[in-house]
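Contents: one structure, followed by commentary.
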Amino acid sequence: MKIFLRSILILLVLLLLPAQSFAQDWWEKNMIIVQGSGFGEQARRAAVVDAYRSLAEQIKGVHITAETTIESQIVSGDIVQAKVNAVIRGAEILSEEFKDDGSCVVTVGLPVYGKNSVASIAFKPAPKKNFPAPKNFSAAKGNYTGLVIDCGDFNLKPVLAPVVRSADNQTVYSSDNLDYDKLVAGGMVGFTVNKSVAKKISLLSYSAQIENKILLLTSTVAENNLSRAGSNPLVVKAAALSDDNSCPVVSAEDADKILSENLSSHFLDNGSVVFTGYRVGGIRV
């Protein structure tokens with residue numbers, strides 16, 4: 001009888017507690033990872049169902065822009081719920097753990113980018129738009145492999161489809177400028193948090209930081225995110241953030257430089273863009 005009551009109590013606790021999500025934010029790991037729990041004869045099945053439920057909640061909370069989430073797009077009808085369900089069913093079971101009390105914990109992961117991913121839900125096929133012309137054209141000088149926008153100590157909010165604008169409100173880079181296949185495969189931008197040498201960088205003048213941009217490249221744990229900008233990125237500093245801190249604003253001069261250099265190197269066309277800083281997604285080092 002005691003064993004039976006104990007089993008009922010454990011089951012009630014598992015039902016009342018939400019499935020655990022222990023992964024870092026999607027932008028840091030490029031994957032949403034959740035855990036689900038189950039108990040009883042169908043413990044594994046219950047755990048999988050629980051994990052899928054939690055995964056659905058996590059996906060709905062991902063911001064496409066500052067104002068829109070996947071959930072809001074489902075409600076408006078811009079995203080079909082059936083497509084979300086299909087993507088969730090394709091999520092990978094990363095691990096299973098059976099415990100002495102008869103419960104089971106299942107860990108499930110869904111990539112942010114790729115064929116069966118969050119991006120495949122968030123983005124829709126649309127004609128690609130050309131990049132705007134620089135207002136003041138200058139000949140390319142750098143043969144740059146990518147773009148790093150240093151957001152410094154601004155509290156940057158990661159979203160799937162940010163927009164880079166100039167101080168005079170010219171759009172420099174947006175999801176409209178990339179092919180649908182590229183958006184799904186790798187997204188628009190990588191996000192990194194400067195960590196290991198943040199204090200060293202903060203002691204330098206901004207001009208010295210640019211001259212020593214290798215410090216920016218080695219000051220992050222998320223090397224895979226930063227590597228998308230290549231070995232010779234153009235580094236510019238954000239003058240401000242707009243759209244609820246999700247979109248960097250660069251100076252008009254830097255906007256012209258970015259667009260002029262892209263005419264030669266085409267790094268924007270390839271989505272070779274990274275936003276970095278000391279405070280990303282609420283994480284501050």
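Each chain in the structure tokens gets a letter, A, B and so on, in the order shown; residues start at 1 in every chain, and ligands are counted from 1 in the order they appear.
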
DSSP-assigned strand (DSSP E or B) among range 46-194 of chain A, expressed as JSON, numbers by chain | {"A": [63, 69, 92, 93, 94, 95, 96, 97, 98, 104, 105, 106, 107, 108, 109, 110, 111, 146, 147, 148, 149, 150, 156, 164, 165, 166, 171, 172, 173, 190, 191, 192, 193, 194]}

Next, the residues of the selection above should be written as a compact mmCIF listing (two decimals), in the first residue's frame with N, CA and C atoms.
```
# COMPACT_ATOMS: atom_id res chain seq x y z
N HIS A 63 11.22 34.47 -30.74
CA HIS A 63 10.89 35.71 -31.43
C HIS A 63 11.43 35.69 -32.86
N THR A 69 6.25 36.58 -32.46
CA THR A 69 6.77 35.27 -32.06
C THR A 69 6.14 34.22 -32.96
N GLU A 92 14.76 15.20 -32.49
CA GLU A 92 15.63 14.07 -32.16
C GLU A 92 15.60 13.76 -30.67
N ILE A 93 15.44 12.50 -30.34
CA ILE A 93 15.56 12.06 -28.94
C ILE A 93 17.05 11.90 -28.64
N LEU A 94 17.57 12.77 -27.79
CA LEU A 94 19.00 12.80 -27.51
C LEU A 94 19.42 11.78 -26.46
N SER A 95 18.54 11.51 -25.49
CA SER A 95 18.87 10.54 -24.45
C SER A 95 17.61 10.09 -23.73
N GLU A 96 17.71 8.92 -23.10
CA GLU A 96 16.64 8.37 -22.28
C GLU A 96 17.25 7.85 -20.98
N GLU A 97 16.59 8.12 -19.87
CA GLU A 97 17.09 7.66 -18.57
C GLU A 97 15.95 7.05 -17.76
N PHE A 98 16.11 5.77 -17.41
CA PHE A 98 15.12 5.08 -16.59
C PHE A 98 15.63 5.04 -15.15
N CYS A 104 10.81 7.78 -16.10
CA CYS A 104 11.69 7.90 -17.26
C CYS A 104 11.84 9.38 -17.61
N VAL A 105 13.06 9.76 -17.93
CA VAL A 105 13.34 11.13 -18.37
C VAL A 105 13.90 11.06 -19.79
N VAL A 106 13.27 11.77 -20.69
CA VAL A 106 13.68 11.79 -22.09
C VAL A 106 14.13 13.20 -22.45
N THR A 107 15.27 13.30 -23.12
CA THR A 107 15.79 14.58 -23.57
C THR A 107 15.62 14.67 -25.09
N VAL A 108 15.01 15.75 -25.54
CA VAL A 108 14.69 15.94 -26.96
C VAL A 108 15.31 17.24 -27.44
N GLY A 109 15.85 17.24 -28.65
CA GLY A 109 16.46 18.44 -29.21
C GLY A 109 15.93 18.76 -30.60
N LEU A 110 15.75 20.03 -30.87
CA LEU A 110 15.34 20.49 -32.20
C LEU A 110 16.28 21.60 -32.65
N PRO A 111 16.94 21.44 -33.81
CA PRO A 111 17.85 22.49 -34.27
C PRO A 111 17.11 23.76 -34.66
N GLY A 146 33.19 38.70 -43.82
CA GLY A 146 31.95 38.78 -43.07
C GLY A 146 31.85 40.11 -42.35
N LEU A 147 30.80 40.23 -41.56
CA LEU A 147 30.55 41.46 -40.81
C LEU A 147 30.32 41.11 -39.34
N VAL A 148 31.04 41.79 -38.45
CA VAL A 148 30.80 41.69 -37.01
C VAL A 148 30.33 43.05 -36.52
N ILE A 149 29.14 43.09 -35.94
CA ILE A 149 28.65 44.32 -35.33
C ILE A 149 28.80 44.20 -33.83
N ASP A 150 29.66 45.02 -33.28
CA ASP A 150 29.96 45.02 -31.85
C ASP A 150 28.91 45.87 -31.14
N LEU A 156 21.43 43.43 -25.96
CA LEU A 156 20.94 42.92 -27.23
C LEU A 156 19.97 41.76 -27.05
N VAL A 164 19.42 45.44 -39.68
CA VAL A 164 20.48 46.41 -39.43
C VAL A 164 20.11 47.70 -40.14
N ARG A 165 20.09 48.79 -39.40
CA ARG A 165 19.73 50.09 -39.98
C ARG A 165 20.84 51.10 -39.74
N SER A 166 20.82 52.15 -40.55
CA SER A 166 21.75 53.25 -40.34
C SER A 166 21.10 54.29 -39.44
N THR A 171 17.70 50.92 -44.32
CA THR A 171 17.87 49.50 -44.06
C THR A 171 19.13 49.01 -44.75
N VAL A 172 20.02 48.41 -43.98
CA VAL A 172 21.28 47.92 -44.50
C VAL A 172 21.22 46.42 -44.78
N TYR A 173 20.54 45.69 -43.89
CA TYR A 173 20.52 44.23 -43.98
C TYR A 173 19.26 43.71 -43.31
N GLY A 190 24.67 35.24 -36.52
CA GLY A 190 25.07 34.51 -35.32
C GLY A 190 25.19 35.48 -34.15
N PHE A 191 24.97 34.99 -32.94
CA PHE A 191 25.05 35.82 -31.74
C PHE A 191 26.13 35.25 -30.82
N THR A 192 26.97 36.11 -30.27
CA THR A 192 27.99 35.66 -29.32
C THR A 192 28.10 36.64 -28.16
N VAL A 193 28.56 36.14 -27.04
CA VAL A 193 28.79 36.96 -25.85
C VAL A 193 30.28 37.02 -25.59
N ASN A 194 30.83 38.22 -25.54
CA ASN A 194 32.25 38.36 -25.20
C ASN A 194 32.45 37.99 -23.74
```

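Between Val118 in chain A and the residues A:Gln170, A:Arg44, A:Met31, A:Asp101, the shortest atom-to-atom distance, using only C-alpha atoms, involves A:Met31.
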
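In this model, the gap between CA of Cys247 in chain A and CA of Lys60 in chain A comes to 20.8 Å.
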
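Closest approach to Arg279 in chain A among A:Ser264, A:Thr68, A:Ser120, A:Asn245: A:Asn245, based on only C-alpha atoms.
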